[in-house]
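Novice: The structure follows.
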Amino acid sequence: DVTGPLDYTFRRYTLYPEATPAVECDGNDAPTPAATPLADDINIATYNLQRFFDDTNDPAIGEPVLTSAAYDKRLNKASLSIRNYLHFPDILGAVEVENSAVLTTLANRINADAVANGQPDPRYVAYLMEGNDVGGIDVGFLVKTADVAAGVPRVSVGAVAQYGKDTSWTEPGGNTSLLNDRPPLLMEAVVNFADGRQFPLTSIVVHSRSLNGNET
């Protein structure tokens, strides 16, 4: 039996035990990889990187500044997840990333780790546009550009556009504020196959800011 305070946060209950519980790990609690894509599949995924900040201070946002060691560990874990558990998505919608430089650093890390571990280089390219979030996090894309045929990338990117950054709304009390803390990012792209087939698509990444306690 375990006793202790019970907490409810972010739609889940957590028991804080008063004594150290005995934990048995039998492998069933290990992460489960996504299904491995087949030759005719297009692999699209999203990944909440959970306030992914770097080790450089940005005075404009007052964000937590990681040590270089901690930042490297976060890059390593994200790289492992995207390579070995999401199986190199063709398009990855990334959310809660500090800025374009951080997402580009992650793309470069995945590419380098893939080569170092004998995996095909995805040649990921990052796309991110700054939003309005007071916490300094945004949404973006990682796009696989490795060749599937001579000079033909897996994904050809057309337009990338941010929507609603300057859109405002009138609150019930009469005040006006910005509608989107993290404006949605839209990308028009074509996924190419080695046999010449093409699949045009539009991808939109949306991750609205939590409004805990909002009654309007």
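Following the order of the structure tokens, chains are lettered A, B, ..., residues in each are numbered from 1, and ligands are numbered from 1.
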Residues of stretch 19-134 of chain A that approach stretch 172-183 of chain A to 10 Å or less, counting only C-alpha atoms: could you list each one with the shortest pair of atoms and its distance in Å to one decimal, rows by chain and increasing residue number, as a tab-separated table?
Specialist:
```
residue	atom	partner	partner_atom	distance
A:Val95	CA	A:Arg182	CA	9.4
A:Glu96	CA	A:Arg182	CA	9.1
A:Met129	CA	A:Pro183	CA	8.8
A:Glu130	CA	A:Arg182	CA	8.2
A:Gly131	CA	A:Arg182	CA	5.2
A:Asn132	CA	A:Asp181	CA	4.6
A:Asp133	CA	A:Asp181	CA	4.4
A:Val134	CA	A:Asp181	CA	7.6
```
Novice: Show me, as a PDB file with C-alpha atoms, in the first residue's frame, the residues that have an atom within 8 Å of A:Val102 when counting only C-alpha atoms, minus same-chain residues fewer than 5 positions from it.
Specialist:
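Output file around_0.pdb follows:
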```
ATOM      1  CA  PHE A  52      12.654  23.329 -25.851  1.00  0.00           C
ATOM      2  CA  PHE A  53      15.062  26.132 -24.921  1.00  0.00           C
ATOM      3  CA  ASP A  54      18.781  26.448 -25.605  1.00  0.00           C
ATOM      4  CA  VAL A  97      10.455  25.348 -29.644  1.00  0.00           C
TER       5      VAL A  97
END
```
Novice: Interatomic distance between atom CA of A:Val115 and atom CA of A:Arg51?
Specialist: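 These atoms are spaced 27.0 Å apart.
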Novice: Would you give me, as a count of residues only, the residues in chain A that DSSP reads as strand (DSSP E or B)?
Specialist: 71
Novice: With distances taken over only C-alpha atoms, which residue among A:Asp147, A:Asp29, A:Glu98, A:Asp138 lies nearest A:Pro120?
Specialist: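 Closest residue, counting only C-alpha atoms: A:Asp147.
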Novice: Which residues of stretch 70-113 of chain A sit at most 12 Å from stretch 197-204 of chain A, using only C-alpha atoms? Give each one's shortest atom pair and distance in Å (one decimal place), in chain and ascending residue order, as a Markdown table.
Specialist:
```
| residue | atom | partner | partner_atom | distance |
| --- | --- | --- | --- | --- |
| A:Asp90 | CA | A:Ser203 | CA | 11.5 |
| A:Ile91 | CA | A:Ser203 | CA | 8.4 |
| A:Leu92 | CA | A:Ser203 | CA | 9.6 |
| A:Gly93 | CA | A:Ile204 | CA | 8.0 |
| A:Ala94 | CA | A:Ile204 | CA | 10.9 |
| A:Val95 | CA | A:Ile204 | CA | 11.6 |
```
Novice: Give me every alpha helix (DSSP H) residue in stretch 33-184 of chain A, going by DSSP on the backbone, as a PyMOL selection string.
Specialist: chain A and resi 68-80+100-116
Novice: Residues of stretch 123-163 of chain A that approach stretch 64-84 of chain A to 12 Å or less, counting only C-alpha atoms: could you list each one with the shortest pair of atoms and its distance in Å to one decimal, rows by chain and increasing residue number, as JSON lines?
Specialist:
```
{"residue": "A:Tyr124", "atom": "CA", "partner": "A:Ile82", "partner_atom": "CA", "distance": 11.2}
{"residue": "A:Gly135", "atom": "CA", "partner": "A:Pro64", "partner_atom": "CA", "distance": 9.6}
{"residue": "A:Gly136", "atom": "CA", "partner": "A:Pro64", "partner_atom": "CA", "distance": 10.1}
{"residue": "A:Ile137", "atom": "CA", "partner": "A:Pro64", "partner_atom": "CA", "distance": 11.5}
{"residue": "A:Leu142", "atom": "CA", "partner": "A:Ile82", "partner_atom": "CA", "distance": 10.4}
{"residue": "A:Lys144", "atom": "CA", "partner": "A:Ile82", "partner_atom": "CA", "distance": 11.8}
```
Novice: Any chance you could export the current selection's all heavy atoms as a PDB file, in the first residue's frame?
Specialist:
```pdb
ATOM      1  N   TYR A 124      17.308  16.938 -42.810  1.00  0.00           N
ATOM      2  CA  TYR A 124      16.197  17.744 -42.317  1.00  0.00           C
ATOM      3  C   TYR A 124      16.505  19.234 -42.459  1.00  0.00           C
ATOM      4  O   TYR A 124      17.630  19.684 -42.230  1.00  0.00           O
ATOM      5  CB  TYR A 124      15.919  17.439 -40.846  1.00  0.00           C
ATOM      6  CG  TYR A 124      15.018  16.241 -40.625  1.00  0.00           C
ATOM      7  CD1 TYR A 124      15.418  15.189 -39.800  1.00  0.00           C
ATOM      8  CD2 TYR A 124      13.765  16.166 -41.225  1.00  0.00           C
ATOM      9  CE1 TYR A 124      14.592  14.096 -39.592  1.00  0.00           C
ATOM     10  CE2 TYR A 124      12.941  15.072 -41.025  1.00  0.00           C
ATOM     11  CZ  TYR A 124      13.349  14.047 -40.203  1.00  0.00           C
ATOM     12  OH  TYR A 124      12.528  12.973 -40.004  1.00  0.00           O
ATOM     13  N   GLY A 135       5.904  33.162 -23.253  1.00  0.00           N
ATOM     14  CA  GLY A 135       6.915  32.234 -22.780  1.00  0.00           C
ATOM     15  C   GLY A 135       8.008  31.978 -23.791  1.00  0.00           C
ATOM     16  O   GLY A 135       8.958  31.254 -23.501  1.00  0.00           O
ATOM     17  N   GLY A 136       7.867  32.551 -24.998  1.00  0.00           N
ATOM     18  CA  GLY A 136       8.924  32.457 -25.984  1.00  0.00           C
ATOM     19  C   GLY A 136       9.012  31.143 -26.722  1.00  0.00           C
ATOM     20  O   GLY A 136      10.095  30.749 -27.160  1.00  0.00           O
ATOM     21  N   ILE A 137       7.884  30.433 -26.892  1.00  0.00           N
ATOM     22  CA  ILE A 137       7.922  29.171 -27.637  1.00  0.00           C
ATOM     23  C   ILE A 137       7.010  29.262 -28.855  1.00  0.00           C
ATOM     24  O   ILE A 137       5.998  29.963 -28.845  1.00  0.00           O
ATOM     25  CB  ILE A 137       7.534  27.965 -26.754  1.00  0.00           C
ATOM     26  CG1 ILE A 137       6.223  28.226 -25.997  1.00  0.00           C
ATOM     27  CG2 ILE A 137       8.662  27.632 -25.801  1.00  0.00           C
ATOM     28  CD1 ILE A 137       5.792  27.072 -25.120  1.00  0.00           C
ATOM     29  N   LEU A 142      10.007  20.287 -39.275  1.00  0.00           N
ATOM     30  CA  LEU A 142      11.212  19.664 -39.791  1.00  0.00           C
ATOM     31  C   LEU A 142      10.806  18.913 -41.048  1.00  0.00           C
ATOM     32  O   LEU A 142       9.846  18.127 -41.029  1.00  0.00           O
ATOM     33  CB  LEU A 142      11.830  18.695 -38.782  1.00  0.00           C
ATOM     34  CG  LEU A 142      12.469  19.299 -37.525  1.00  0.00           C
ATOM     35  CD1 LEU A 142      13.022  18.187 -36.643  1.00  0.00           C
ATOM     36  CD2 LEU A 142      13.578  20.281 -37.900  1.00  0.00           C
ATOM     37  N   LYS A 144      12.049  16.526 -44.403  1.00  0.00           N
ATOM     38  CA  LYS A 144      13.082  15.644 -44.945  1.00  0.00           C
ATOM     39  C   LYS A 144      13.353  16.012 -46.408  1.00  0.00           C
ATOM     40  O   LYS A 144      12.444  16.000 -47.241  1.00  0.00           O
ATOM     41  CB  LYS A 144      12.633  14.188 -44.844  1.00  0.00           C
ATOM     42  CG  LYS A 144      13.697  13.184 -45.281  1.00  0.00           C
ATOM     43  CD  LYS A 144      13.130  11.773 -45.371  1.00  0.00           C
ATOM     44  CE  LYS A 144      12.821  11.206 -44.007  1.00  0.00           C
ATOM     45  NZ  LYS A 144      12.359   9.787 -44.090  1.00  0.00           N
TER      46      LYS A 144
END
```
Novice: Hey, which of A:Leu103, A:Leu128, A:Ala30, A:Ala161 ends up closest to A:Tyr85? Count only C-alpha atoms.
Specialist: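 Nearest to A:Tyr85: A:Ala30.
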Novice: So how far away is atom CA of A:Tyr127 from atom CA of A:Thr105, in Å?
Specialist: 11.7 Å
Novice: I need the residue nearest A:Asp195 from this list: A:Thr170, A:Gly164, A:Thr32, A:Ala150. Use only C-alpha atoms for the distance.
Specialist: A:Ala150
